[in-house]
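S.K.: I'm passing along upload_36.txt; it holds compact mmCIF, C-alpha atoms.
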```
# COMPACT_ATOMS: atom_id res chain seq x y z
CA MET A 22 126.15 150.35 128.88
CA LYS A 23 127.66 150.91 132.31
CA MET A 24 126.75 154.19 133.97
CA SER A 25 127.01 154.87 137.68
CA VAL A 26 124.13 156.76 139.27
CA PRO A 27 126.20 159.72 140.57
CA SER A 28 127.79 160.39 137.17
CA PHE A 29 124.39 160.32 135.45
CA VAL A 30 122.95 162.71 138.01
CA THR A 31 125.97 164.97 137.58
CA LEU A 32 125.53 164.92 133.84
CA VAL A 33 121.88 165.95 134.08
CA ALA A 34 122.77 168.75 136.49
CA LEU A 35 125.53 169.94 134.15
CA LEU A 36 123.23 169.92 131.14
CA ALA A 37 120.55 171.86 132.99
CA ALA A 38 123.12 174.45 134.06
CA THR A 39 124.66 174.85 130.58
CA PRO A 40 123.33 177.84 128.62
CA GLY A 41 121.68 176.62 125.46
CA LEU A 42 121.11 173.07 126.64
CA GLY A 43 118.56 173.31 129.43
CA PRO A 44 114.86 173.10 128.61
CA GLU A 45 114.33 176.84 129.08
CA SER A 46 117.54 177.71 127.33
CA SER A 47 118.50 181.30 126.71
CA GLY A 48 120.84 179.99 124.01
CA LEU A 49 117.97 179.94 121.53
CA ALA A 50 117.09 183.28 120.01
CA LYS A 51 113.67 184.30 121.25
CA ALA A 52 111.97 183.93 117.84
CA ASP A 53 113.40 180.42 117.49
CA ALA A 54 112.34 179.16 120.90
CA PRO A 55 109.89 176.29 120.48
CA THR A 56 106.44 177.50 121.52
CA ASP A 57 105.07 173.97 121.34
CA ALA A 58 106.08 170.50 120.18
CA SER A 59 105.30 171.23 116.53
CA THR A 60 107.60 174.23 116.00
CA PRO A 61 111.14 173.55 114.70
CA ALA A 62 113.61 173.59 117.60
CA PHE A 63 117.24 174.33 116.77
CA LEU A 64 120.17 174.00 119.14
CA PRO A 65 122.68 176.90 119.34
CA ASP A 66 125.05 174.95 117.05
CA GLY A 67 122.36 174.80 114.34
CA ARG A 68 121.33 171.20 114.84
CA LEU A 69 117.61 170.45 114.53
CA THR A 70 116.06 168.41 117.33
CA TYR A 71 114.06 165.30 116.44
CA PRO A 72 110.36 166.05 115.85
CA ARG A 73 109.05 163.52 118.37
CA GLN A 74 105.37 164.26 117.87
CA TYR A 75 105.20 164.02 114.08
CA ARG A 76 102.93 160.94 114.08
CA GLU A 77 100.29 163.18 115.70
CA TRP A 78 100.62 165.87 113.02
CA ILE A 79 98.70 166.12 109.74
CA PHE A 80 99.25 163.26 107.28
CA LEU A 81 99.72 164.45 103.69
CA SER A 82 100.24 161.24 101.73
CA SER A 83 102.17 158.03 101.41
CA GLY A 84 103.95 156.33 98.54
CA LEU A 85 105.41 152.90 97.89
CA ASP A 86 108.87 152.41 96.33
CA MET A 87 108.76 155.80 94.62
CA SER A 88 111.91 156.80 92.76
CA TYR A 89 112.99 159.83 90.77
CA THR A 90 115.86 157.97 89.08
CA ASN A 91 116.06 155.07 86.67
CA ALA A 92 117.91 152.91 89.20
CA PRO A 93 116.25 149.49 89.42
CA ALA A 94 114.13 148.63 92.45
CA MET A 95 115.67 146.49 95.20
CA ALA A 96 114.47 142.95 94.55
CA GLY A 97 112.24 141.50 97.24
CA SER A 98 112.20 144.62 99.39
CA SER A 99 109.59 147.36 99.60
CA MET A 100 109.53 150.70 101.36
CA PHE A 101 106.65 153.04 102.16
CA ASP A 102 107.11 156.73 102.84
CA ASN A 103 104.61 158.69 104.95
CA VAL A 104 104.66 162.49 104.88
CA PHE A 105 103.40 164.59 107.81
CA VAL A 106 103.34 168.36 108.39
CA ASN A 107 102.97 170.42 111.56
CA PRO A 108 99.33 171.50 112.02
CA GLU A 109 100.07 175.26 112.07
CA ALA A 110 101.71 175.07 108.63
CA TYR A 111 98.93 172.85 107.26
CA HIS A 112 96.20 175.28 108.26
CA GLU A 113 98.16 178.16 106.78
CA PHE A 114 98.52 176.21 103.51
CA LEU A 115 94.73 175.65 103.40
CA ARG A 116 94.29 179.42 103.76
CA THR A 117 97.01 180.67 101.39
CA GLY A 118 98.15 177.78 99.15
CA THR A 119 101.73 178.00 100.35
CA TRP A 120 103.94 177.31 103.37
CA PRO A 121 104.64 179.76 106.20
CA ASP A 122 107.92 180.13 108.02
CA HIS A 123 108.56 177.27 110.49
CA THR A 124 106.93 174.67 108.27
CA LEU A 125 108.20 171.17 109.12
CA LEU A 126 107.61 168.47 106.51
CA VAL A 127 108.53 165.05 107.88
CA MET A 128 109.01 162.02 105.63
CA GLU A 129 109.08 158.72 107.48
CA SER A 130 110.39 155.59 105.72
CA ARG A 131 109.06 152.21 106.76
CA GLY A 132 109.16 148.66 105.41
CA GLY A 133 106.36 147.13 103.37
CA SER A 134 105.28 143.51 103.46
CA THR A 135 102.73 141.26 101.77
CA LYS A 136 102.79 138.39 104.25
CA GLY A 137 101.17 138.98 107.60
CA SER A 138 97.96 138.01 109.36
CA ILE A 139 95.23 137.37 106.76
CA ASN A 140 96.69 139.54 103.98
CA LYS A 141 97.05 137.76 100.61
CA ARG A 142 98.42 140.39 98.22
CA GLY A 143 99.42 144.04 98.02
CA GLN A 144 101.54 145.68 100.71
CA PHE A 145 101.02 146.91 104.26
CA GLN A 146 103.38 148.92 106.46
CA THR A 147 105.52 147.14 109.04
CA ASP A 148 107.37 148.12 112.22
CA ASP A 149 110.63 148.16 110.20
CA PHE A 150 111.21 151.88 110.80
CA MET A 151 113.97 153.20 108.50
CA GLY A 152 114.37 156.81 109.56
CA VAL A 153 113.00 160.29 109.09
CA GLU A 154 113.91 163.15 106.77
CA VAL A 155 112.77 166.67 107.53
CA HIS A 156 112.36 169.69 105.24
CA VAL A 157 112.21 172.91 107.28
CA LYS A 158 111.33 176.43 106.19
CA ASP A 159 113.08 179.24 108.03
CA THR A 160 113.77 182.20 105.76
CA ARG A 161 115.97 184.01 108.29
CA ARG A 162 118.13 180.96 108.88
CA PHE A 163 118.57 179.26 105.49
CA THR A 164 119.70 180.50 102.08
CA GLY A 165 116.80 179.73 99.76
CA GLY A 166 114.47 179.55 102.75
CA TRP A 167 114.54 175.80 103.31
CA ALA A 168 116.90 173.09 104.59
CA PHE A 169 116.92 169.29 104.75
CA PHE A 170 117.84 167.15 107.77
CA ALA A 171 118.16 163.35 107.83
CA PHE A 172 117.68 161.57 111.16
CA GLY A 173 118.96 158.03 111.66
CA GLY A 174 117.87 157.99 115.29
CA THR A 175 116.47 160.64 117.62
CA GLU A 176 119.69 162.62 118.19
CA PRO A 177 119.78 166.23 116.86
CA VAL A 178 121.41 166.48 113.41
CA GLN A 179 123.09 169.15 111.29
CA GLN A 180 121.47 170.24 108.04
CA LEU A 181 122.43 168.36 104.87
CA PRO A 182 124.95 170.37 102.81
CA ALA A 183 123.39 172.76 100.28
CA ALA A 184 125.11 170.79 97.49
CA ALA A 185 123.09 167.64 98.31
CA PRO A 186 120.88 166.64 95.37
CA CYS A 187 117.64 166.99 97.36
CA TYR A 188 118.01 170.80 97.25
CA SER A 189 118.42 171.13 93.47
CA CYS A 190 115.75 168.51 92.72
CA HIS A 191 113.18 170.17 94.98
CA ARG A 192 114.09 173.60 93.58
CA ASP A 193 113.72 172.40 89.99
CA HIS A 194 110.64 170.17 90.37
CA GLY A 195 108.68 171.14 93.49
CA ALA A 196 105.12 172.21 92.62
CA VAL A 197 104.94 174.80 95.42
CA ASP A 198 107.86 176.67 97.02
CA THR A 199 110.38 173.79 96.44
CA THR A 200 108.03 171.19 97.98
CA PHE A 201 106.49 168.16 96.24
CA VAL A 202 102.86 169.23 96.63
CA GLN A 203 102.25 167.35 93.35
CA PHE A 204 102.28 164.19 95.50
CA TYR A 205 99.91 165.53 98.20
CA PRO A 206 96.49 165.00 96.63
CA THR A 207 94.48 167.06 99.11
CA LEU A 208 96.80 170.10 98.80
CA LEU A 209 97.44 170.25 95.04
CA PRO A 210 93.90 171.51 94.22
CA ILE A 211 94.33 174.27 96.81
CA ALA A 212 97.60 175.42 95.23
CA ARG A 213 95.87 175.44 91.82
CA GLN A 214 92.96 177.45 93.20
CA LYS A 215 95.17 179.97 95.01
CA GLY A 216 97.56 180.30 92.04
CA THR A 217 100.65 179.32 94.04
CA LEU A 218 102.12 176.68 91.69
CA ALA A 219 105.76 177.33 90.80
CA PRO A 220 106.06 179.01 87.36
CA GLY A 221 108.16 176.15 85.94
CA TYR A 222 106.10 173.31 87.45
CA LYS A 223 105.23 170.51 85.01
CA PRO A 224 102.50 168.09 86.17
CA MET B 22 68.97 171.86 89.75
CA LYS B 23 66.19 174.47 89.79
CA MET B 24 65.21 175.76 93.19
CA SER B 25 63.35 178.99 93.83
CA VAL B 26 64.57 181.15 96.70
CA PRO B 27 61.31 181.13 98.69
CA SER B 28 61.05 177.34 98.69
CA PHE B 29 64.67 177.01 99.82
CA VAL B 30 64.12 179.45 102.68
CA THR B 31 60.93 177.59 103.64
CA LEU B 32 62.85 174.32 103.64
CA VAL B 33 65.57 175.69 105.94
CA ALA B 34 62.92 177.05 108.31
CA LEU B 35 61.10 173.72 108.31
CA LEU B 36 64.30 171.79 109.02
CA ALA B 37 65.25 174.10 111.86
CA ALA B 38 61.80 173.65 113.41
CA THR B 39 61.75 169.85 113.09
CA PRO B 40 62.81 167.99 116.26
CA GLY B 41 65.87 165.92 115.55
CA LEU B 42 66.97 167.86 112.49
CA GLY B 43 68.06 171.26 113.76
CA PRO B 44 71.66 171.80 114.80
CA GLU B 45 70.82 171.79 118.51
CA SER B 46 68.42 168.93 118.13
CA SER B 47 66.80 167.34 121.14
CA GLY B 48 66.33 164.27 118.94
CA LEU B 49 69.84 163.12 119.82
CA ALA B 50 70.19 161.52 123.22
CA LYS B 51 72.39 163.74 125.35
CA ALA B 52 75.31 161.27 125.47
CA ASP B 53 75.25 160.98 121.66
CA ALA B 54 75.31 164.69 120.94
CA PRO B 55 78.53 165.56 119.16
CA THR B 56 80.75 167.49 121.57
CA ASP B 57 83.20 168.29 118.79
CA ALA B 58 83.95 167.42 115.18
CA SER B 59 85.71 164.16 116.05
CA THR B 60 82.91 162.45 117.99
CA PRO B 61 80.53 160.17 116.07
CA ALA B 62 77.32 162.03 115.24
CA PHE B 63 74.22 159.94 114.61
CA LEU B 64 70.90 161.21 113.28
CA PRO B 65 67.71 160.14 115.09
CA ASP B 66 67.11 157.51 112.37
CA GLY B 67 70.48 155.90 113.17
CA ARG B 68 72.40 157.22 110.18
CA LEU B 69 76.00 158.29 110.83
CA THR B 70 77.01 161.71 109.52
CA TYR B 71 80.11 161.99 107.34
CA PRO B 72 83.29 162.57 109.38
CA ARG B 73 84.35 165.72 107.52
CA GLN B 74 87.51 166.38 109.52
CA TYR B 75 89.12 162.94 109.33
CA ARG B 76 92.12 164.15 107.27
CA GLU B 77 93.08 166.21 110.33
CA TRP B 78 92.86 163.22 112.69
CA ILE B 79 95.64 160.77 113.58
CA PHE B 80 97.02 158.71 110.67
CA LEU B 81 97.51 155.03 111.57
CA SER B 82 98.84 153.49 108.36
CA SER B 83 98.33 153.00 104.66
CA GLY B 84 98.40 149.98 102.39
CA LEU B 85 98.49 149.39 98.66
CA ASP B 86 96.22 146.85 96.93
CA MET B 87 95.80 144.81 100.11
CA SER B 88 93.39 141.89 99.87
CA TYR B 89 92.16 139.24 102.27
CA THR B 90 90.89 136.98 99.47
CA ASN B 91 92.56 135.10 96.66
CA ALA B 92 90.72 137.13 94.01
CA PRO B 93 93.22 138.40 91.41
CA ALA B 94 94.27 142.06 91.43
CA MET B 95 92.64 144.39 88.92
CA ALA B 96 95.12 144.68 86.06
CA GLY B 97 96.58 148.15 85.55
CA SER B 98 94.80 149.71 88.49
CA SER B 99 96.09 150.37 92.00
CA MET B 100 94.40 151.56 95.17
CA PHE B 101 95.83 152.93 98.40
CA ASP B 102 93.95 152.89 101.68
CA ASN B 103 94.71 155.41 104.44
CA VAL B 104 93.42 154.78 107.97
CA PHE B 105 92.76 157.62 110.42
CA VAL B 106 91.34 157.65 113.96
CA ASN B 107 89.84 160.43 116.05
CA PRO B 108 92.47 161.91 118.39
CA GLU B 109 90.55 161.18 121.62
CA ALA B 110 90.44 157.46 120.79
CA TYR B 111 94.10 157.43 119.72
CA HIS B 112 95.30 158.92 122.99
CA GLU B 113 93.16 156.47 124.95
CA PHE B 114 94.71 153.59 122.96
CA LEU B 115 98.21 154.83 123.81
CA ARG B 116 97.21 154.77 127.46
CA THR B 117 95.29 151.48 127.62
CA GLY B 118 96.07 149.43 124.48
CA THR B 119 92.44 149.31 123.41
CA TRP B 120 89.67 151.50 122.01
CA PRO B 121 87.22 153.54 124.09
CA ASP B 122 83.57 154.09 123.27
CA HIS B 123 83.08 156.60 120.41
CA THR B 124 86.17 155.44 118.53
CA LEU B 125 85.92 156.30 114.83
CA LEU B 126 88.29 154.46 112.49
CA VAL B 127 88.11 155.92 109.00
CA MET B 128 89.52 154.08 105.97
CA GLU B 129 89.89 156.26 102.88
CA SER B 130 90.44 154.64 99.47
CA ARG B 131 92.35 156.53 96.82
CA GLY B 132 93.93 155.74 93.45
CA GLY B 133 97.62 154.98 93.01
CA SER B 134 99.72 155.96 90.02
CA THR B 135 103.30 155.56 88.84
CA LYS B 136 103.30 158.25 86.19
CA GLY B 137 103.30 161.84 87.34
CA SER B 138 105.80 164.68 87.63
CA ILE B 139 109.33 163.24 87.98
CA ASN B 140 108.34 159.88 89.44
CA LYS B 141 109.83 156.86 87.62
CA ARG B 142 108.62 153.80 89.54
CA GLY B 143 106.61 152.76 92.56
CA GLN B 144 103.25 154.33 93.37
CA PHE B 145 102.02 157.64 94.74
CA GLN B 146 98.50 158.62 95.80
CA THR B 147 96.28 160.56 93.40
CA ASP B 148 93.19 162.75 93.68
CA ASP B 149 91.07 159.79 92.53
CA PHE B 150 89.11 159.60 95.79
CA MET B 151 87.10 156.37 95.98
CA GLY B 152 85.16 156.70 99.22
CA VAL B 153 85.36 156.21 102.95
CA GLU B 154 84.45 153.33 105.25
CA VAL B 155 84.01 153.94 108.96
CA HIS B 156 84.19 151.52 111.90
CA VAL B 157 82.52 153.00 114.98
CA LYS B 158 82.51 151.78 118.56
CA ASP B 159 79.38 152.50 120.56
CA THR B 160 78.63 149.74 123.04
CA ARG B 161 75.19 151.11 123.99
CA ARG B 162 74.11 151.36 120.38
CA PHE B 163 75.53 148.30 118.58
CA THR B 164 75.37 144.56 119.27
CA GLY B 165 78.99 143.49 119.56
CA GLY B 166 79.98 147.09 120.29
CA TRP B 167 80.97 148.12 116.77
CA ALA B 168 79.35 148.91 113.41
CA PHE B 169 80.54 149.58 109.86
CA PHE B 170 79.36 152.39 107.59
CA ALA B 171 80.31 152.88 103.91
CA PHE B 172 80.12 156.40 102.48
CA GLY B 173 80.00 156.95 98.72
CA GLY B 174 79.65 160.71 99.14
CA THR B 175 79.14 162.95 102.14
CA GLU B 176 75.46 162.13 102.84
CA PRO B 177 74.67 160.36 106.15
CA VAL B 178 74.40 156.56 105.75
CA GLN B 179 72.84 153.64 107.59
CA GLN B 180 75.06 151.01 109.17
CA LEU B 181 76.01 147.99 107.01
CA PRO B 182 73.89 144.94 107.95
CA ALA B 183 75.35 142.77 110.71
CA ALA B 184 75.54 139.87 108.21
CA ALA B 185 78.04 141.77 106.02
CA PRO B 186 81.36 139.88 105.84
CA CYS B 187 83.35 142.78 107.36
CA TYR B 188 81.80 142.02 110.78
CA SER B 189 82.71 138.31 110.89
CA CYS B 190 86.17 138.87 109.38
CA HIS B 191 87.04 141.60 111.91
CA ARG B 192 85.61 139.50 114.76
CA ASP B 193 87.64 136.45 113.72
CA HIS B 194 90.91 138.15 112.76
CA GLY B 195 91.18 141.58 114.41
CA ALA B 196 94.24 141.80 116.68
CA VAL B 197 92.52 144.11 119.21
CA ASP B 198 88.77 144.36 119.92
CA THR B 199 87.75 143.38 116.32
CA THR B 200 90.10 145.98 114.74
CA PHE B 201 93.08 145.30 112.47
CA VAL B 202 95.74 146.73 114.78
CA GLN B 203 98.09 144.14 113.21
CA PHE B 204 98.33 146.58 110.27
CA TYR B 205 98.96 149.71 112.42
CA PRO B 206 102.69 149.45 113.15
CA THR B 207 102.86 152.14 115.84
CA LEU B 208 99.94 150.64 117.81
CA LEU B 209 100.69 146.90 117.68
CA PRO B 210 103.65 147.14 120.13
CA ILE B 211 101.42 149.02 122.58
CA ALA B 212 98.77 146.29 122.44
CA ARG B 213 101.50 143.68 123.05
CA GLN B 214 102.85 145.66 125.98
CA LYS B 215 99.44 146.24 127.55
CA GLY B 216 98.32 142.64 126.96
CA THR B 217 95.25 143.61 124.95
CA LEU B 218 95.70 141.31 121.92
CA ALA B 219 92.64 139.17 121.20
CA PRO B 220 93.06 135.62 122.61
CA GLY B 221 92.69 134.02 119.17
CA TYR B 222 94.90 136.51 117.30
CA LYS B 223 97.46 134.93 114.95
CA PRO B 224 100.23 137.27 113.69
```
Could you render the structure from this file as structure tokens?

M.R.:
Amino acid sequence: MKMSVPSFVTLVALLAATPGLGPESSGLAKADAPTDASTPAFLPDGRLTYPRQYREWIFLSSGLDMSYTNAPAMAGSSMFDNVFVNPEAYHEFLRTGTWPDHTLLVMESRGGSTKGSINKRGQFQTDDFMGVEVHVKDTRRFTGGWAFFAFGGTEPVQQLPAAAPCYSCHRDHGAVDTTFVQFYPTLLPIARQKGTLAPGYKP
Amino acid sequence: MKMSVPSFVTLVALLAATPGLGPESSGLAKADAPTDASTPAFLPDGRLTYPRQYREWIFLSSGLDMSYTNAPAMAGSSMFDNVFVNPEAYHEFLRTGTWPDHTLLVMESRGGSTKGSINKRGQFQTDDFMGVEVHVKDTRRFTGGWAFFAFGGTEPVQQLPAAAPCYSCHRDHGAVDTTFVQFYPTLLPIARQKGTLAPGYKP
């Protein structure tokens, strides 16, 4: 990509001077301003910024080639998913058995492989990073309290439309507050103990 | 278990008064005293205490049914492993490409299942917790710098004998400083960049 130094500098200066785009933007409502790297940060146009620090958040679980449909698996190709949550929300879940506002659940998809180094069977995770999906709770912002965002890269993205199947599936099958706590083995016992399982949840 | 109240109180008092067993024990050398929950804590007899907070540390990767031998897989049974590291060591690795003293790598083993909730194929992690193995770096304490510990429960345990196969396998095949960084996809590129791969490492 060709970019002359003056135009780049100009661009940075413009961005910094544009309300809602500078780092200390007044374009974010006060309550939505990120207080640290693990709070959801929305741009004025509603896009969610990429949660850069999620690999340093709390790991909830991983799965391999999980599917909720009867579609056959892709032959010869495996995918792990790793789920992380921001520490503030995790600690609140430990205390209450459910998610507070500004919960960020991040699902990272990544290739799996059998062949590598001394491994002989099974699967390990590779550097074939396939993207990140985020489930955010913000009861003032979203109908139903939650929204999904799918990141291909690190650019901010708009929420997935409310008609996307992830919304209805999570609403119908999520063990706690439309989230798949049934697949987070350290959290499910807490939800049971605190009595926060969804009324229609079937194990 | 039957235990009368007076004998329990006496026991607590005795423990508190015994050098090396009270919480502010002088039986631990000053440099070995735990400064927080994510520093290795050894008892005066050399046993390592259980790293209770590891699920809140940094997740490195998970694998499913990995094996370094040609032994056949157990039919109808799957096991995930999740690897975590204490945050201090993780941040030092990001900076230098290798592990500092007092690194704690924790590998948790946990059952995998296909059937549960709405899942149709693949594997998710269950509450069938199978134990924890820990790899600790302490160059003043251990020949070769590192030692392995295998916890069945949460009681402190002695290090595995230096003749155990984990030591020679990690020494011969570990990508960085006897550790399997080849299976930690976010760390391997850092080791490459910093030039810290073991001379004999084969990808």

S.K.: For B:Met100, please output as a list in words all residues within 10 Å (counting all atoms listed in the file; exclusion window: fewer than 6 positions along the same chain).

M.R.: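 Everything that qualifies: Gly143 of chain A; Gly84, Leu85, Asp86, Met87, Ser130, Arg131, Gly132, Gly133, Ser134, Gln144, Phe145, Gln146, Thr147, Asp149, Phe150 and Met151 of chain B.
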
S.K.: Given only C-alpha atoms as the basis, pick out the residue of A:Met128, A:Ala62, A:Ile79, A:Met95 nearest to chain B.

M.R.: A:Ile79

S.K.: Residues of chain A near chain B: apply a cut-off of 9 Å, count all atoms listed in the file, and supply the list as a ChimeraX atom specification.

M.R.: /A:76-91,93-94,101,103,108,133,135,137-149,194,203-207,209-210,222-224

S.K.: Produce a file of the selected residues containing C-alpha atoms, as an mmCIF file, in the frame of the given file.

M.R.:
```cif
data_model
loop_
_atom_site.group_PDB
_atom_site.id
_atom_site.type_symbol
_atom_site.label_atom_id
_atom_site.label_comp_id
_atom_site.auth_asym_id
_atom_site.auth_seq_id
_atom_site.Cartn_x
_atom_site.Cartn_y
_atom_site.Cartn_z
ATOM 1 C CA ARG A 76 102.930 160.940 114.080
ATOM 2 C CA GLU A 77 100.290 163.180 115.700
ATOM 3 C CA TRP A 78 100.620 165.870 113.020
ATOM 4 C CA ILE A 79 98.700 166.120 109.740
ATOM 5 C CA PHE A 80 99.250 163.260 107.280
ATOM 6 C CA LEU A 81 99.720 164.450 103.690
ATOM 7 C CA SER A 82 100.240 161.240 101.730
ATOM 8 C CA SER A 83 102.170 158.030 101.410
ATOM 9 C CA GLY A 84 103.950 156.330 98.540
ATOM 10 C CA LEU A 85 105.410 152.900 97.890
ATOM 11 C CA ASP A 86 108.870 152.410 96.330
ATOM 12 C CA MET A 87 108.760 155.800 94.620
ATOM 13 C CA SER A 88 111.910 156.800 92.760
ATOM 14 C CA TYR A 89 112.990 159.830 90.770
ATOM 15 C CA THR A 90 115.860 157.970 89.080
ATOM 16 C CA ASN A 91 116.060 155.070 86.670
ATOM 17 C CA PRO A 93 116.250 149.490 89.420
ATOM 18 C CA ALA A 94 114.130 148.630 92.450
ATOM 19 C CA PHE A 101 106.650 153.040 102.160
ATOM 20 C CA ASN A 103 104.610 158.690 104.950
ATOM 21 C CA PRO A 108 99.330 171.500 112.020
ATOM 22 C CA GLY A 133 106.360 147.130 103.370
ATOM 23 C CA THR A 135 102.730 141.260 101.770
ATOM 24 C CA GLY A 137 101.170 138.980 107.600
ATOM 25 C CA SER A 138 97.960 138.010 109.360
ATOM 26 C CA ILE A 139 95.230 137.370 106.760
ATOM 27 C CA ASN A 140 96.690 139.540 103.980
ATOM 28 C CA LYS A 141 97.050 137.760 100.610
ATOM 29 C CA ARG A 142 98.420 140.390 98.220
ATOM 30 C CA GLY A 143 99.420 144.040 98.020
ATOM 31 C CA GLN A 144 101.540 145.680 100.710
ATOM 32 C CA PHE A 145 101.020 146.910 104.260
ATOM 33 C CA GLN A 146 103.380 148.920 106.460
ATOM 34 C CA THR A 147 105.520 147.140 109.040
ATOM 35 C CA ASP A 148 107.370 148.120 112.220
ATOM 36 C CA ASP A 149 110.630 148.160 110.200
ATOM 37 C CA HIS A 194 110.640 170.170 90.370
ATOM 38 C CA GLN A 203 102.250 167.350 93.350
ATOM 39 C CA PHE A 204 102.280 164.190 95.500
ATOM 40 C CA TYR A 205 99.910 165.530 98.200
ATOM 41 C CA PRO A 206 96.490 165.000 96.630
ATOM 42 C CA THR A 207 94.480 167.060 99.110
ATOM 43 C CA LEU A 209 97.440 170.250 95.040
ATOM 44 C CA PRO A 210 93.900 171.510 94.220
ATOM 45 C CA TYR A 222 106.100 173.310 87.450
ATOM 46 C CA LYS A 223 105.230 170.510 85.010
ATOM 47 C CA PRO A 224 102.500 168.090 86.170
#
```

S.K.: Would you mind telling me which residue in A:Ile211, A:Val202, A:Leu125, A:Val157 lies nearest to A:Tyr188 when using only C-alpha atoms?

M.R.: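 With only C-alpha atoms as the atom set, the closest residue is A:Val157.
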
S.K.: Relative to chain B, what is the Cα RMSD of chain A after a least-squares superposition using every Cα atom paired in order?

M.R.: 0.3 Å

S.K.: Between A:Thr119, A:Thr60, A:Ser98, A:Gln180, which has the minimum distance to A:Leu218 (counting all atoms listed in the file)?

M.R.: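 Of A:Thr119, A:Thr60, A:Ser98, A:Gln180, the one nearest A:Leu218, counting all atoms listed in the file, is A:Thr119.
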
S.K.: Residues at most 12 Å from B:Thr160, counting only C-alpha atoms, excluding those fewer than 3 positions away in the same chain, as a list in words?

M.R.: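 Here the qualifying residues turn out to be Asp53, Trp120, Pro121, Asp122, His123, Thr124, Val157, Phe163, Thr164, Gly165, Gly166, Trp167, Ala168 and Asp198 of chain B.
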
S.K.: One decimal, in Å: what's the spacing between atom CA of B:Gln214 and atom CA of A:Ala171?

M.R.: 29.6 Å

S.K.: In Å, with one decimal, what is the gap from atom CA of A:Pro220 to atom CA of A:His191?

M.R.: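 Atom CA of A:Pro220 sits 13.7 Å away from atom CA of A:His191.
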
S.K.: How many Å separate atom CA of A:Lys158 from atom CA of A:Asn107?

M.R.: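 A separation of 11.6 Å between them.
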
S.K.: Residues at most 9 Å from A:Val153, counting all atoms listed in the file, excluding those fewer than 4 positions away in the same chain, as number ranges by chain?

M.R.: A: 71, 127-130, 170-174

S.K.: Between A:Gly97, A:Pro61, A:Gly67, A:Gly221, which is the closest to A:Leu181 once you count all atoms listed in the file?

M.R.: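 Result for the nearest residue to A:Leu181: A:Gly67.
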